file coords.pdb (PDB, C-alpha atoms and all ligand atoms)
MODEL        1
ATOM      1  CA  MET A   1     -14.169  12.029 -27.378
ATOM      2  CA  ASN A   2     -12.887   9.989 -24.440
ATOM      3  CA  LYS A   3     -13.876   6.355 -24.416
ATOM      4  CA  LYS A   4     -16.375   5.656 -21.648
ATOM      5  CA  PRO A   5     -14.689   3.432 -19.048
ATOM      6  CA  ASP A   6     -16.187  -0.051 -18.498
ATOM      7  CA  ARG A   7     -16.416   0.659 -14.799
ATOM      8  CA  ASP A   8     -15.674   3.530 -12.471
ATOM      9  CA  VAL A   9     -12.081   3.049 -11.448
ATOM     10  CA  VAL A  10     -11.088   4.103  -7.957
ATOM     11  CA  GLY A  11      -7.373   4.031  -7.219
ATOM     12  CA  ARG A  12      -5.472   5.271  -4.217
ATOM     13  CA  PHE A  13      -2.140   6.135  -2.670
ATOM     14  CA  ALA A  14      -1.701   5.165   0.961
ATOM     15  CA  PRO A  15       1.553   6.392   2.498
ATOM     16  CA  SER A  16       2.461   5.825   6.132
ATOM     17  CA  PRO A  17       3.529   9.051   7.863
ATOM     18  CA  THR A  18       6.661   7.450   9.260
ATOM     19  CA  GLY A  19       8.999   9.574   7.150
ATOM     20  CA  ALA A  20       9.132  11.983   4.224
ATOM     21  CA  LEU A  21       8.326  10.734   0.732
ATOM     22  CA  HIS A  22      11.342   9.487  -1.176
ATOM     23  CA  THR A  23      11.764   8.844  -4.885
ATOM     24  CA  GLY A  24      10.362   5.332  -4.369
ATOM     25  CA  SER A  25       7.147   6.529  -2.749
ATOM     26  CA  LEU A  26       6.897   9.301  -5.344
ATOM     27  CA  ALA A  27       7.079   6.671  -8.107
ATOM     28  CA  THR A  28       4.251   4.759  -6.390
ATOM     29  CA  ALA A  29       2.203   7.936  -6.035
ATOM     30  CA  VAL A  30       2.707   8.845  -9.700
ATOM     31  CA  GLY A  31       2.143   5.267 -10.930
ATOM     32  CA  SER A  32      -1.110   4.895  -9.004
ATOM     33  CA  TYR A  33      -2.250   8.369 -10.100
ATOM     34  CA  LEU A  34      -1.535   7.734 -13.779
ATOM     35  CA  MET A  35      -3.170   4.335 -13.802
ATOM     36  CA  ALA A  36      -6.375   5.581 -12.159
ATOM     37  CA  LYS A  37      -6.598   8.743 -14.253
ATOM     38  CA  HIS A  38      -5.726   6.941 -17.488
ATOM     39  CA  ALA A  39      -8.816   4.809 -16.870
ATOM     40  CA  GLY A  40     -10.877   7.973 -16.279
ATOM     41  CA  GLY A  41     -11.067   7.137 -12.582
ATOM     42  CA  ARG A  42     -10.602   8.801  -9.214
ATOM     43  CA  TRP A  43      -7.451   8.794  -7.097
ATOM     44  CA  LEU A  44      -7.884   8.792  -3.346
ATOM     45  CA  LEU A  45      -5.376   9.570  -0.641
ATOM     46  CA  ARG A  46      -5.219   7.755   2.674
ATOM     47  CA  LEU A  47      -2.712   8.139   5.487
ATOM     48  CA  ASP A  48      -1.951   4.761   7.031
ATOM     49  CA  ASP A  49      -1.349   6.098  10.514
ATOM     50  CA  LEU A  50      -2.172   3.190  12.821
ATOM     51  CA  ASP A  51       1.421   2.511  13.804
ATOM     52  CA  VAL A  52       1.682   5.402  16.242
ATOM     53  CA  PRO A  53       5.147   4.615  17.712
ATOM     54  CA  ARG A  54       6.754   4.682  14.255
ATOM     55  CA  GLN A  55       5.225   7.981  13.180
ATOM     56  CA  VAL A  56       7.274  11.141  12.895
ATOM     57  CA  PRO A  57       5.486  14.350  13.942
ATOM     58  CA  GLY A  58       4.796  16.690  11.037
ATOM     59  CA  MET A  59       5.284  14.001   8.391
ATOM     60  CA  ALA A  60       1.618  13.590   7.445
ATOM     61  CA  ASP A  61       1.488  17.249   6.540
ATOM     62  CA  ASP A  62       4.850  17.118   4.816
ATOM     63  CA  ILE A  63       3.675  14.254   2.594
ATOM     64  CA  LEU A  64       0.519  16.145   1.578
ATOM     65  CA  ARG A  65       2.434  19.325   0.744
ATOM     66  CA  THR A  66       5.040  17.382  -1.228
ATOM     67  CA  LEU A  67       2.345  15.644  -3.302
ATOM     68  CA  GLU A  68       0.817  19.032  -4.042
ATOM     69  CA  LEU A  69       4.204  20.381  -5.144
ATOM     70  CA  PHE A  70       4.257  17.672  -7.797
ATOM     71  CA  GLY A  71       0.721  18.494  -8.925
ATOM     72  CA  LEU A  72      -0.613  15.215  -7.551
ATOM     73  CA  HIS A  73      -4.048  16.380  -6.438
ATOM     74  CA  TRP A  74      -6.220  13.723  -4.857
ATOM     75  CA  ASP A  75      -9.995  13.430  -5.187
ATOM     76  CA  GLY A  76     -12.024  14.124  -2.049
ATOM     77  CA  GLY A  77     -10.624  14.536   1.461
ATOM     78  CA  VAL A  78      -7.674  12.834   3.130
ATOM     79  CA  ALA A  79      -8.655   9.588   4.863
ATOM     80  CA  ARG A  80      -6.790   8.585   8.025
ATOM     81  CA  GLN A  81      -6.776   5.039   9.301
ATOM     82  CA  SER A  82      -6.618   6.229  12.911
ATOM     83  CA  ARG A  83     -10.199   7.476  12.483
ATOM     84  CA  HIS A  84     -11.570   4.157  11.225
ATOM     85  CA  ARG A  85     -11.117   1.925  14.278
ATOM     86  CA  LYS A  86     -14.883   1.440  14.665
ATOM     87  CA  GLU A  87     -15.079   0.033  11.144
ATOM     88  CA  TYR A  88     -12.138  -2.315  11.774
ATOM     89  CA  GLU A  89     -13.820  -3.445  15.015
ATOM     90  CA  HIS A  90     -16.993  -4.300  13.126
ATOM     91  CA  PHE A  91     -15.288  -6.486  10.547
ATOM     92  CA  PHE A  92     -13.019  -8.030  13.184
ATOM     93  CA  GLU A  93     -16.206  -9.135  14.987
ATOM     94  CA  VAL A  94     -17.649 -10.526  11.754
ATOM     95  CA  LEU A  95     -14.551 -12.717  11.424
ATOM     96  CA  GLN A  96     -14.710 -13.642  15.092
ATOM     97  CA  HIS A  97     -18.308 -14.801  14.665
ATOM     98  CA  ALA A  98     -17.213 -16.838  11.663
ATOM     99  CA  GLY A  99     -14.884 -18.726  14.034
ATOM    100  CA  VAL A 100     -11.654 -18.055  12.139
ATOM    101  CA  ILE A 101      -9.899 -15.946  14.775
ATOM    102  CA  TYR A 102      -8.135 -17.108  17.909
ATOM    103  CA  PRO A 103      -6.209 -15.408  20.717
ATOM    104  CA  CYS A 104      -2.472 -15.992  20.867
ATOM    105  CA  GLY A 105       0.132 -15.534  23.574
ATOM    106  CA  CYS A 106       3.243 -15.803  21.371
ATOM    107  CA  SER A 107       5.902 -13.458  20.045
ATOM    108  CA  ARG A 108       6.151  -9.869  21.180
ATOM    109  CA  LYS A 109       8.200  -8.803  18.149
ATOM    110  CA  GLU A 110       5.659  -9.814  15.527
ATOM    111  CA  ILE A 111       2.846  -8.021  17.326
ATOM    112  CA  ALA A 112       4.766  -4.751  17.558
ATOM    113  CA  ARG A 113       5.116  -4.823  13.787
ATOM    114  CA  SER A 114       1.632  -5.852  12.758
ATOM    115  CA  ALA A 115       0.176  -2.315  12.517
ATOM    116  CA  SER A 116       2.612  -1.502   9.708
ATOM    117  CA  ALA A 117       2.708  -2.833   6.188
ATOM    118  CA  PRO A 118       5.256  -5.661   6.215
ATOM    119  CA  HIS A 119       8.070  -4.935   3.821
ATOM    120  CA  PRO A 120      10.292  -7.915   2.953
ATOM    121  CA  GLU A 121      12.933  -7.180   5.570
ATOM    122  CA  ASP A 122      10.220  -7.447   8.258
ATOM    123  CA  GLU A 123       8.938 -10.806   7.127
ATOM    124  CA  SER A 124      10.156 -13.686   9.163
ATOM    125  CA  ILE A 125       9.352 -17.371   9.248
ATOM    126  CA  PRO A 126       5.638 -18.263   9.231
ATOM    127  CA  TYR A 127       3.847 -18.534  12.546
ATOM    128  CA  SER A 128       4.074 -22.109  13.758
ATOM    129  CA  GLY A 129       0.461 -22.262  14.944
ATOM    130  CA  THR A 130       1.223 -23.015  18.601
ATOM    131  CA  CYS A 131      -1.920 -21.267  19.922
ATOM    132  CA  ARG A 132      -4.230 -22.628  17.210
ATOM    133  CA  VAL A 133      -5.385 -25.373  19.537
ATOM    134  CA  GLY A 134      -5.676 -23.029  22.513
ATOM    135  CA  MET A 135      -3.353 -20.789  24.482
ATOM    136  CA  GLN A 136      -1.162 -22.322  27.138
ATOM    137  CA  SER A 137      -2.446 -21.456  30.604
ATOM    138  CA  GLY A 138      -0.678 -18.554  32.259
ATOM    139  CA  LEU A 139      -0.110 -16.636  29.018
ATOM    140  CA  SER A 140      -1.847 -13.343  28.377
ATOM    141  CA  ILE A 141      -3.328 -12.444  24.999
ATOM    142  CA  ARG A 142      -0.689 -10.749  22.877
ATOM    143  CA  SER A 143      -2.497 -10.917  19.565
ATOM    144  CA  TRP A 144      -5.475 -12.234  17.658
ATOM    145  CA  ARG A 145      -4.652 -14.421  14.701
ATOM    146  CA  ILE A 146      -6.626 -15.693  11.754
ATOM    147  CA  ARG A 147      -6.490 -19.322  10.661
ATOM    148  CA  VAL A 148      -5.195 -19.685   7.127
ATOM    149  CA  PRO A 149      -6.014 -22.507   4.716
ATOM    150  CA  ASN A 150      -3.451 -24.866   3.195
ATOM    151  CA  GLU A 151      -4.518 -24.116  -0.379
ATOM    152  CA  GLU A 152      -2.752 -21.533  -2.487
ATOM    153  CA  ILE A 153      -4.299 -18.145  -3.142
ATOM    154  CA  CYS A 154      -3.717 -16.943  -6.701
ATOM    155  CA  PHE A 155      -4.263 -13.597  -8.338
ATOM    156  CA  SER A 156      -3.275 -11.829 -11.485
ATOM    157  CA  ASP A 157      -0.902  -8.900 -11.098
ATOM    158  CA  LEU A 158      -1.150  -6.412 -13.953
ATOM    159  CA  ARG A 159       2.613  -6.128 -14.291
ATOM    160  CA  THR A 160       3.989  -9.494 -13.277
ATOM    161  CA  GLY A 161       1.142 -11.845 -14.211
ATOM    162  CA  ARG A 162      -0.295 -14.749 -12.264
ATOM    163  CA  ARG A 163       1.010 -15.083  -8.722
ATOM    164  CA  CYS A 164       0.239 -17.816  -6.210
ATOM    165  CA  GLN A 165       1.046 -18.157  -2.558
ATOM    166  CA  ALA A 166       0.252 -20.670   0.167
ATOM    167  CA  LEU A 167      -0.385 -18.519   3.225
ATOM    168  CA  SER A 168       0.453 -21.456   5.462
ATOM    169  CA  VAL A 169       3.986 -21.423   4.023
ATOM    170  CA  VAL A 170       4.622 -17.675   3.861
ATOM    171  CA  SER A 171       2.905 -16.129   6.893
ATOM    172  CA  GLY A 172       1.058 -18.886   8.709
ATOM    173  CA  ASP A 173      -1.886 -17.718  10.823
ATOM    174  CA  PHE A 174      -1.290 -13.990  10.691
ATOM    175  CA  ILE A 175      -2.119 -11.246  13.172
ATOM    176  CA  LEU A 176      -5.276  -9.169  12.783
ATOM    177  CA  ARG A 177      -5.096  -7.350  16.067
ATOM    178  CA  GLY A 178      -2.630  -6.774  18.873
ATOM    179  CA  GLY A 179      -3.403  -7.621  22.492
ATOM    180  CA  ASP A 180      -3.482  -3.828  23.077
ATOM    181  CA  GLY A 181      -6.502  -3.651  20.756
ATOM    182  CA  GLU A 182      -4.685  -2.049  17.792
ATOM    183  CA  PHE A 183      -5.646  -3.421  14.392
ATOM    184  CA  ALA A 184      -3.121  -4.849  11.989
ATOM    185  CA  TYR A 185      -2.301  -3.334   8.616
ATOM    186  CA  GLN A 186      -3.654  -6.399   6.769
ATOM    187  CA  LEU A 187      -7.170  -5.949   8.147
ATOM    188  CA  ALA A 188      -7.170  -2.149   8.058
ATOM    189  CA  VAL A 189      -6.128  -1.908   4.422
ATOM    190  CA  VAL A 190      -8.753  -4.425   3.266
ATOM    191  CA  VAL A 191     -11.564  -2.694   5.169
ATOM    192  CA  ASP A 192     -10.534   0.787   4.036
ATOM    193  CA  ASP A 193     -10.122  -0.124   0.392
ATOM    194  CA  HIS A 194     -13.535  -1.802   0.436
ATOM    195  CA  LEU A 195     -15.400   0.973   2.259
ATOM    196  CA  THR A 196     -13.992   3.654  -0.033
ATOM    197  CA  GLY A 197     -14.796   1.681  -3.189
ATOM    198  CA  VAL A 198     -11.155   1.200  -4.185
ATOM    199  CA  ASN A 199     -11.042  -1.316  -7.037
ATOM    200  CA  GLN A 200      -7.499  -0.665  -8.272
ATOM    201  CA  VAL A 201      -4.555  -1.142  -5.923
ATOM    202  CA  VAL A 202      -1.241   0.091  -7.333
ATOM    203  CA  ARG A 203       1.697  -0.050  -4.931
ATOM    204  CA  GLY A 204       5.315  -1.093  -4.599
ATOM    205  CA  ASP A 205       6.490  -4.586  -5.374
ATOM    206  CA  ASP A 206       7.572  -4.999  -1.758
ATOM    207  CA  LEU A 207       3.895  -5.348  -0.793
ATOM    208  CA  LEU A 208       3.137  -8.066  -3.338
ATOM    209  CA  SER A 209       3.665 -10.758  -0.732
ATOM    210  CA  SER A 210       0.878  -9.206   1.422
ATOM    211  CA  THR A 211      -1.682  -9.367  -1.377
ATOM    212  CA  PRO A 212      -2.714 -13.038  -0.906
ATOM    213  CA  ARG A 213      -3.362 -12.329   2.803
ATOM    214  CA  GLN A 214      -5.548  -9.410   1.811
ATOM    215  CA  ILE A 215      -7.385 -11.449  -0.823
ATOM    216  CA  TYR A 216      -8.045 -14.136   1.784
ATOM    217  CA  LEU A 217      -9.660 -11.525   4.067
ATOM    218  CA  GLN A 218     -11.687 -10.142   1.141
ATOM    219  CA  GLN A 219     -12.947 -13.642   0.389
ATOM    220  CA  LEU A 220     -13.984 -14.270   4.000
ATOM    221  CA  LEU A 221     -15.700 -10.896   4.273
ATOM    222  CA  GLY A 222     -17.411 -11.161   0.881
ATOM    223  CA  PHE A 223     -15.650  -8.085  -0.544
ATOM    224  CA  PRO A 224     -14.973  -7.830  -4.286
ATOM    225  CA  GLN A 225     -11.309  -8.193  -5.202
ATOM    226  CA  PRO A 226      -9.620  -5.067  -6.572
ATOM    227  CA  GLU A 227      -7.244  -5.321  -9.511
ATOM    228  CA  TYR A 228      -3.617  -5.277  -8.440
ATOM    229  CA  CYS A 229      -0.503  -3.806  -9.961
ATOM    230  CA  HIS A 230       2.765  -3.899  -8.060
ATOM    231  CA  LEU A 231       5.275  -1.397  -9.377
ATOM    232  CA  PRO A 232       9.011  -2.004  -9.681
ATOM    233  CA  LEU A 233      11.082  -0.626  -6.819
ATOM    234  CA  VAL A 234      13.383   2.340  -6.983
ATOM    235  CA  VAL A 235      16.790   1.281  -5.696
ATOM    236  CA  GLY A 236      19.972   3.060  -4.610
ATOM    237  CA  PRO A 237      22.983   3.364  -6.965
ATOM    238  CA  ASP A 238      24.377   0.096  -5.556
ATOM    239  CA  GLY A 239      21.114  -1.715  -6.278
ATOM    240  CA  SER A 240      20.027  -1.811  -2.631
ATOM    241  CA  LYS A 241      16.531  -0.925  -1.394
ATOM    242  CA  LEU A 242      16.008   2.743  -0.490
ATOM    243  CA  ASN A 243      15.639   3.364   3.184
ATOM    244  CA  LYS A 244      14.018   6.162   5.142
ATOM    245  CA  ARG A 245      17.050   8.426   4.826
ATOM    246  CA  ASP A 246      17.583   8.023   1.081
ATOM    247  CA  ASN A 247      16.383  10.391  -1.621
ATOM    248  CA  LEU A 248      14.102  12.355   0.691
ATOM    249  CA  LEU A 249      11.617  14.668  -0.968
ATOM    250  CA  SER A 250      10.583  16.856   1.896
ATOM    251  CA  HIS A 251       8.454  19.959   1.636
ATOM    252  CA  GLN A 252       9.828  21.111   4.991
ATOM    253  CA  LEU A 253      13.444  20.652   3.965
ATOM    254  CA  GLY A 254      12.765  22.345   0.644
ATOM    255  CA  SER A 255      14.697  19.442  -0.877
ATOM    256  CA  VAL A 256      12.737  19.445  -4.120
ATOM    257  CA  ALA A 257      12.170  23.157  -4.569
ATOM    258  CA  GLY A 258      12.580  24.068  -8.240
ATOM    259  CA  ARG A 259      13.369  20.532  -9.357
ATOM    260  CA  GLU A 260       9.889  19.022  -9.322
ATOM    261  CA  GLN A 261       9.518  18.935 -13.112
ATOM    262  CA  THR A 262      12.870  17.229 -13.729
ATOM    263  CA  LEU A 263      12.139  14.618 -11.086
ATOM    264  CA  LEU A 264       8.651  14.010 -12.383
ATOM    265  CA  LEU A 265      10.028  13.386 -15.868
ATOM    266  CA  ASP A 266      12.557  10.952 -14.363
ATOM    267  CA  VAL A 267       9.705   9.143 -12.623
ATOM    268  CA  LEU A 268       7.761   8.885 -15.903
ATOM    269  CA  ARG A 269      10.837   7.344 -17.547
ATOM    270  CA  PHE A 270      11.208   4.983 -14.599
ATOM    271  CA  LEU A 271       7.594   3.903 -15.249
ATOM    272  CA  GLY A 272       8.452   3.014 -18.845
ATOM    273  CA  LEU A 273       7.220   6.200 -20.553
ATOM    274  CA  HIS A 274       9.148   8.278 -23.081
ATOM    275  CA  PRO A 275       8.215  11.914 -22.469
ATOM    276  CA  PRO A 276       9.106  14.198 -25.410
ATOM    277  CA  ARG A 277      11.842  16.846 -24.995
ATOM    278  CA  GLU A 278       9.336  19.704 -25.184
ATOM    279  CA  LEU A 279       7.913  18.681 -21.816
ATOM    280  CA  ALA A 280      11.162  19.698 -20.115
ATOM    281  CA  GLY A 281      10.090  23.309 -19.650
ATOM    282  CA  CYS A 282       6.501  22.531 -18.687
ATOM    283  CA  SER A 283       4.655  22.605 -15.381
ATOM    284  CA  CYS A 284       4.048  19.481 -13.299
ATOM    285  CA  ASN A 285       0.362  19.634 -14.246
ATOM    286  CA  THR A 286       1.190  19.545 -17.956
ATOM    287  CA  ILE A 287       3.688  16.718 -17.453
ATOM    288  CA  LEU A 288       1.101  14.707 -15.520
ATOM    289  CA  GLU A 289      -1.557  15.372 -18.158
ATOM    290  CA  TRP A 290       0.806  13.987 -20.804
ATOM    291  CA  GLY A 291       1.492  11.005 -18.515
ATOM    292  CA  VAL A 292      -2.210  10.287 -18.028
ATOM    293  CA  VAL A 293      -2.824  10.135 -21.769
ATOM    294  CA  ASN A 294       0.284   8.108 -22.597
ATOM    295  CA  PHE A 295       0.427   5.757 -19.625
ATOM    296  CA  MET A 296       0.545   2.091 -20.603
ATOM    297  CA  PRO A 297       0.364  -0.471 -17.807
ATOM    298  CA  LEU A 298       1.895  -3.072 -20.089
ATOM    299  CA  GLN A 299       4.992  -0.944 -20.584
ATOM    300  CA  LEU A 300       5.907  -0.946 -16.919
ATOM    301  CA  PRO A 301       9.456  -2.232 -16.621
ATOM    302  CA  ALA A 302      10.130  -5.707 -15.319
ATOM    303  CA  LEU A 303      12.935  -4.550 -13.074
ATOM    304  CA  GLY A 304      13.397  -1.638 -10.696
ATOM    305  CA  GLY A 305      16.068   0.983 -11.151
ATOM    306  CA  VAL A 306      17.671   4.159  -9.916
ATOM    307  CA  ILE A 307      16.189   7.649  -9.879
ATOM    308  CA  ASN A 308      18.842  10.237  -9.080
ATOM    309  CA  ILE A 309      17.922  13.428  -7.325
TER     310      ILE A 309
HETATM  311  N1  LIG A 401       0.923   2.286   3.971
HETATM  312  C1  LIG A 401       1.632   1.249   3.300
HETATM  313  C2  LIG A 401       3.095   1.634   3.164
HETATM  314  O1  LIG A 401       3.421   2.791   3.245
HETATM  315  C3  LIG A 401       1.100   0.971   1.916
HETATM  316  C4  LIG A 401      -0.264   0.437   1.971
HETATM  317  C5  LIG A 401      -0.762  -0.133   0.666
HETATM  318  O2  LIG A 401      -0.496   0.456  -0.383
HETATM  319  O3  LIG A 401      -1.436  -1.131   0.730
HETATM  320  O4  LIG A 401       3.914   0.785   2.971
ENDMDL
END
call {"tool": "encode", "arguments": {"input": "coords.pdb", "output": "structure tokens"}}
result
Amino acid sequence: MNKKPDRDVVGRFAPSPTGALHTGSLATAVGSYLMAKHAGGRWLLRLDDLDVPRQVPGMADDILRTLELFGLHWDGGVARQSRHRKEYEHFFEVLQHAGVIYPCGCSRKEIARSASAPHPEDESIPYSGTCRVGMQSGLSIRSWRIRVPNEEICFSDLRTGRRCQALSVVSGDFILRGGDGEFAYQLAVVVDDHLTGVNQVVRGDDLLSSTPRQIYLQQLLGFPQPEYCHLPLVVGPDGSKLNKRDNLLSHQLGSVAGREQTLLLDVLRFLGLHPPRELAGCSCNTILEWGVVNFMPLQLPALGGVINI
């Protein structure tokens, strides 16, 4: 008989429809699926589609079909951030009433990027805080920023252990909303995870540096903190980060047709599992079932690696 879980785990996978899945996003999808299901929990799917200019038409659908090809069936419907603006507005106002938000007239570049999850190459120097004491006259509002404290925010990552970050050093007062009204990834993800009961966030290591910002928002809004596990990154043969053109797994391009099982087994190995030979001829569903039973968060590798397709 299965052990009754201590709590109802709710995990999720939250791709942005800015390109097809690649082996890196597949590893995140599989890792988050296995961890939630291993705990007897649910696995939700959300499309992070607030960054309209960066989206590629047809990709949302392509991502869903590709996940299905691998047998990664999500629980419930597909959530879309673009339909949750009212909720973001509400919590933005809560923070405004708490007096922690101020309008800012600086930096066009940073605002354009705030609707997307910041991956390391997007991160720049922390905001200097120029508008903290009030915007210079003549400037128009280009963003709304949240004041960050000087103290460190610490959390325990399931794979890499205790992590601490001083927001004032890494991001400074970060953007919650653009002057055009669009909400930033950092606010959207915290509100969505909370409203859908997500209590287990499993995602790529490149988002680890966003976690303290998200925990800070959770603390201000009185939301419980999910558990976090940041997975190692899949890299190219030369050790470099995959980009949007690498290792594409597109349903439309048929790029994975017939090779789903082999790839899935490679992903399990990447996640530190040792699938037996007999699984080689099995369906994706059977491979995933084996993965769910045998998944061990503590066996996740310390370093990323290559998955060839
Ligand atoms: N949508 C984000 C991305 O594709 C991930 C969001 C998250 O897992 O928090 O990078």
call {"tool": "resolve_selection", "arguments": {"input": "coords.pdb", "expression": "the PyMOL selection byres (((chain A and resi 174) around 6) and not hetatm)", "output": "VMD selection string"}}
result
chain A and resid 145 to 146 172 to 173 175
call {"tool": "residues_around", "arguments": {"input": "coords.pdb", "residues": "Leu233 in chain A", "least_positions_apart": "3", "cutoff": "12 Å", "atoms": "all atoms listed in the file", "output": "count of residues only"}}
result
33
call {"tool": "residues_around", "arguments": {"input": "coords.pdb", "residues": "range 59-61 of chain A", "least_positions_apart": "2", "cutoff": "9 Å", "atoms": "all atoms listed in the file", "output": "PDB file with C-alpha atoms, in the frame of the given file"}}
result
ATOM      1  CA  PRO A  15       1.553   6.392   2.498  1.00  0.00           C
ATOM      2  CA  SER A  16       2.461   5.825   6.132  1.00  0.00           C
ATOM      3  CA  PRO A  17       3.529   9.051   7.863  1.00  0.00           C
ATOM      4  CA  THR A  18       6.661   7.450   9.260  1.00  0.00           C
ATOM      5  CA  GLY A  19       8.999   9.574   7.150  1.00  0.00           C
ATOM      6  CA  ALA A  20       9.132  11.983   4.224  1.00  0.00           C
ATOM      7  CA  LEU A  21       8.326  10.734   0.732  1.00  0.00           C
ATOM      8  CA  LEU A  47      -2.712   8.139   5.487  1.00  0.00           C
ATOM      9  CA  ASP A  49      -1.349   6.098  10.514  1.00  0.00           C
ATOM     10  CA  GLN A  55       5.225   7.981  13.180  1.00  0.00           C
ATOM     11  CA  VAL A  56       7.274  11.141  12.895  1.00  0.00           C
ATOM     12  CA  PRO A  57       5.486  14.350  13.942  1.00  0.00           C
ATOM     13  CA  ILE A  63       3.675  14.254   2.594  1.00  0.00           C
ATOM     14  CA  LEU A  64       0.519  16.145   1.578  1.00  0.00           C
ATOM     15  CA  ARG A  65       2.434  19.325   0.744  1.00  0.00           C
ATOM     16  CA  THR A  66       5.040  17.382  -1.228  1.00  0.00           C
ATOM     17  CA  SER A 250      10.583  16.856   1.896  1.00  0.00           C
ATOM     18  CA  HIS A 251       8.454  19.959   1.636  1.00  0.00           C
TER      19      HIS A 251
END
call {"tool": "residues_around", "arguments": {"input": "coords.pdb", "residues": "range 148-155 of chain A", "least_positions_apart": "4", "cutoff": "8 Å", "atoms": "all atoms listed in the file", "output": "PyMOL selection string"}}
result
chain A and resi 162-168+172-174+212+215-216
call {"tool": "resolve_selection", "arguments": {"input": "coords.pdb", "expression": "the PyMOL selection byres (((chain A and resi 292) around 10) and not hetatm)", "output": "VMD selection string"}}
result
chain A and resid 30 to 31 33 to 40 286 to 291 293 to 296
call {"tool": "atom_distance", "arguments": {"input": "coords.pdb", "atom1": "CA of Tyr102 in chain A", "atom2": "CA of Leu187 in chain A"}}
result
14.9 Å
call {"tool": "decode", "arguments": {"input": "coords.pdb", "residues": "range 241-275 of chain A", "atoms": "C-alpha atoms", "output": "compact mmCIF listing (two decimals), in the first residue's frame"}}
result
# COMPACT_ATOMS: atom_id res chain seq x y z
CA LYS A 241 23.93 26.90 -22.12
CA LEU A 242 21.32 25.67 -24.62
CA ASN A 243 19.65 28.41 -26.54
CA LYS A 244 16.32 28.60 -28.32
CA ARG A 245 17.65 26.91 -31.45
CA ASP A 246 19.37 23.98 -29.73
CA ASN A 247 17.94 20.50 -29.28
CA LEU A 248 14.42 21.48 -30.30
CA LEU A 249 11.69 18.98 -29.54
CA SER A 250 8.90 20.22 -31.70
CA HIS A 251 5.64 18.43 -32.33
CA GLN A 252 5.17 20.50 -35.48
CA LEU A 253 8.61 19.68 -36.85
CA GLY A 254 8.13 16.03 -35.97
CA SER A 255 11.64 16.24 -34.52
CA VAL A 256 11.00 13.66 -31.82
CA ALA A 257 8.73 11.27 -33.68
CA GLY A 258 9.63 7.69 -32.78
CA ARG A 259 12.44 8.66 -30.43
CA GLU A 260 10.43 9.73 -27.39
CA GLN A 261 11.27 6.64 -25.32
CA THR A 262 15.03 6.87 -25.91
CA LEU A 263 15.05 10.55 -25.03
CA LEU A 264 12.94 10.01 -21.95
CA LEU A 265 15.38 7.37 -20.71
CA ASP A 266 18.25 9.81 -21.35
CA VAL A 267 16.41 12.43 -19.30
CA LEU A 268 15.93 9.96 -16.42
CA ARG A 269 19.67 9.25 -16.47
CA PHE A 270 20.36 12.98 -16.55
CA LEU A 271 18.22 13.25 -13.39
CA GLY A 272 20.40 10.69 -11.62
CA LEU A 273 18.24 7.59 -12.16
CA HIS A 274 19.42 4.23 -13.46
CA PRO A 275 16.59 2.79 -15.56
